[in-house]
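Asker: Take a look at this one; I'll ask things after.
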Amino acid sequence: MPTYGMAIDLDRCTGCYNCQIACKDEHVGNEFLPIATSQPTFGHFWLGITEKEQCWDSSHFKVTYIPKLCNHCDDAACLKAAKDGAVYRRPDGIVIIDPEKTVGQKQLVDACPYGSIYWNEEKNVAQKCTFCAHLLDDGWTQPRCVQSCPMSCIHFGDLDDPNSKVSRFLAKNQAEVLEPEFKTKPKVSYAGLPKPHLAGTVRFADTGDCAANVKVTLTGPDGQKAESVTDCFGDFEFRNVKKGKHQINYVSDGYQPESKSFGVDDDISYLGEVSLAKAK
Amino acid sequence: MRYSTIDEQQFVNLTLGGPVRVFVKDGKIVRVMPLEYDAPDDPKPWSIEARGQTFTRPNKAGIAQFVQGLKQMVYSKDRLLTPLKRVDFDPNGKRNPENRGVSGYQPISWDEALTIISNEIVRQKETYGPGSIAVTGSSHDSWGNIGYRMSAMDRFWNLVGVTWIDHNPESWEGAYWGAIHAWGWHWRLGQVPNFDCLDDTFQHCDMVVFWASDPSTTSGDYAWNEQDHWRKHMKKLGIKFVFIDPFANFTAVLDGDKILRPKPGTDTAMALAIAYTWIQEGTYDKSYVENRTYGFDKWEAYVTGKEDGVPKTPEWAEKISGVQACDIKALARAWASQRTTLAAGGRPGMGNAGRAAYGHEWSRMMVLLIAMQGLGKPGVNYYCTTGGAPANWNVFFPGYADGGISGGSTGPKDLGPRGYPKRAVGSKIRQRINRSILPEAIMNQQATWRGIYGYYGESAQQQFNQLKYPFDGYSPVHMIARQGASYIGTMMETNRWARMYRHPNLEFFMCQTIYNEPEGRFADIILPVCTNLERYDIGEWEGISGYSNKLSAVNVRICVLQQKCIEPLGESKSDYDIYELIAERLGLKDVFNEGEKDVNGWIKRMFEVSDLPKFITWEKFQSKGYYIIPPDPDKKSAPAMRWFYDGRAIDIPDRPMPHDRPVFDGKGLATPTGKIEFESQNLKRFDPNDKERPPVPHYVPSFEGLNCTDLLKTYPLQLISPHPRCTFHSQHDGKSTWNEEIPHHRRLIDGYRYWAMRINPEDAEKRGIKDGDIVKIYNDRGAVLCAATVTKRIVAGVVHSYSSGGGYDPQGEPGNNKTIDKGGTINQLTSARWMSKNCPGMAPNACLVQVEKWERGKA
């Protein structure tokens, strides 16, 4: 018996929205009782894309797209909030809201801390992602969102099988769940969630030129050192920077070194332009 | 009762955003999926080995997101299901043209509709003579070679004899009016091909400069989500990506290493400063310039200031463009010191900077910059990462621009020699109107422009020809027949179009289209057309041919028998069937259909004249639905411009048409000198004193930009309006579909989906605008409501909103510049003024506007 789970590679996600629409394609206008009844034409996002935009200066932007869907939690809040067994977990780990038993149970919508449950006003039922269980039961190997992804960045399969696509991905990549503080034991995880980022720009004071090939050393709050080199635009960056007190040093042949202490408490820190004076 | 797909039928079909597998049960579509290439007889995916890494092509189609939403397109509540007649249009009495756009419609029978139409056609020809009827299709059609406008529409109306409304090369205005004069390629409208450039980039490139390029959004046309794989691999190989765009565009925010943001319309100043730096520091390819180019000394004189006393320094460019001089210098130095590819436009020569005032100057400078660095050297290409995948072009399968059943190809004429059709039906009446001034032509019954016959790709010389409408001996136009209904969203200053349709000079306007769409709502008769899932056809993904032949923008060459999945909804019919019905009433049926009883005969014949029968039987093709032509594994890489760099004969699968060149020796380019021309000899001969497009390209300040200090007092923001991301032009907008729930596209506010407009936080704060507010964006030409997306991604002083909306929703008299359009038709605001006096190309990005917060509940 598999335990189905999913891992999403955000470094490959391009924000095409195909997965969001493929999910609608499957569940609008189609009945798949007893697994799911059809969703309304608009307004439900059983898989929905959210975006996080990071800007460290006017020439550097990054957007991370985060597909969000039901996590099929092992300790599901919706299961606890359901009456009359309206929500149940299958032996393969998929959590199902019974389309018939859930009639009138609007409390399920707010029960999910991730906001993954939607209310169908017309049918008076709560609805969410089913990992396309009706297709898996029919012998398909992947839900619609996985199949639709042009970049193949959604990995799905048996978490208990080391050779499954999802297990092989997790073996090679650092992945995390969203909002672990909810403690619901999600079975969907993400590689490439945006992390605190530090950047800056170096100029040569005498010419006003961008200072390329400057050695930049960052010493973190725990004393750990990281090194970077400025590119042709004089820009440097450090990824996955810890919060707290830091020291940064700039060294370039023929120029006086510079040094600075500062605190990092934001997601994105931009140190601005540093100017290096010519060596005496 | 457990669900199973066993009871469902599966069909294969093809769209402008890729091939799909469609599941149908009881005559209803269950689901639409991207096609996977996993049949046992499908070819093994090709790979490219470079720098110790292997890239293997994906094994399924990267379709567009609105194609993933095709089911909702088919069943949209906005489908037309019956023929319609405008209630106050009486063909035998009062026609009330001034009510078009406002009148209601009543359903009529097909018989009544066809009678009215065929009577009108006869009446127009009897009263005014041939030429009185003008015909146009939209730039991009539903997919399929038989049903395409260049096929069925052309064949039918050429039998009638009409004035054609010619498309102008809108996506690549700059290249057509500009780059052609630097390097030829007129048979590609000034675009350079990209054969084997994907391989060359993987092997040799160090940096790509994306200039006015957002390939993840535009894919150069129909490839949509096929090419992000390539760019991800380029990043894996360590290739640096620098973007130049006032908007931190959708490709830039994925993997851009640096985004330089000039004010729109000032890109030429930046380009000149880059050339200046190279000249000062001697860091350009002097040998290439000497041997492969002509006129460098004139360019050098302009760049260094010898010509006009103004050296085009980075400091000079900073004042004009807003990009820091040190960054321009750093870019120039990085560019010259490594193998840099220039990706200018979503496809070479496309790009927002070219669809602007004097956009041809930008386009020419892009060619000249890459020429200064030895275009054609390994890793040094003019290549936008939107083509050039491995492909076997020795296998012939027609594209839509081969003309299908009409025989009127716009490019390489390959179908005719294969006997398809048996009898070509070309345009014999010869009067034309350039689409960009159709409103003036209809309303004023006079117009002039330069260029002749269709898409103007037959020579550079062709674009110098001055035309006057009406042509001598011809009637002005009194009737328009329209296939599709996109122009209110896609043309310039489109209140002019609304006024044109309401003008009494236009006695009859018929429109055939799939949905209840803005332009259709001006028609006297509307005919309901079915989607391509409701009919048979045949086509290749991204199979254009013509001026865009052999692009290799997708990962496979896949030919599809587009299998009809369901019956046409309501009373809708295919365009082909509609034309055959009208032809019958005019006594033209047998000539039109060449004895074929329906499209299936034409489809089978097209399969037979292609090279496909060498590889697959008709029966197998019918049942499987597709065939993938594998690349030739033995073919050596021959990058697009390597032959030119090496000084050899051309060795790419292109057939240059050297009309503009006195001597043709199989080497060199189709310019008068055979070289890349810094000083264009064509332009020198044609109009050496044209200050807007001089023989050597110049920085010419925009006629409507952030440099226009007077106009800025009223309209202080510049609007840029590139091609949209979440729809193919207007085709997938305004039709109640799932892409309308994507916030980059439309935002739901108070129950209405407003078109998104991006504004910088500084500009928003000055106006009390918050993210998610409704705003009015306006100038003298129109007023539009949008949803404000407040973001730093667009520079201050500029607002960004996509062109080509399909949701025109005027809150008052259509065509009145004060009427507010709630539907977000940005094209009401752009200017009809051409990019320069000799170049009738559109310049949408020369547009100043004001934006203010809109009170909710006001409209």
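Residues in the structure tokens are numbered from 1 in each chain, the chains being A, B, ... in the order shown, and ligands are numbered from 1 in the order shown.
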Please find the residues of chain A near chain B - the criterion being any atom within 7 Å, counting only C-alpha atoms - and write them as number ranges by chain.
Answerer: A: 14, 16-18, 21-22, 25-26, 30, 32, 59-63, 134, 138, 148, 150-151, 208-210, 232-233
Asker: What are the DSSP alpha helix (DSSP H) residues of stretch 668-767 of chain B, as a PyMOL selection string?
Answerer: chain B and resi 681-686+709-712+761-766
Asker: Can you pull out every residue from stretch 93-255 of chain A that DSSP, working from the backbone, puts in strand (DSSP E), and format the result as an NGL selection string?
Answerer: :A and (95-97 or 118-120 or 125-127 or 154-158 or 188-191 or 197-204 or 215-219 or 225-229 or 235-239 or 244-251)
Asker: Would you kindly return, as JSON, numbers by chain, each protein, DNA or RNA residue with an atom no farther than 12 Å from any atom of A:Glu122, considering only C-alpha atoms and excluding same-chain residues fewer than 4 positions away?
Answerer: {"A": [37, 38, 39, 40, 41, 103, 104, 126]}
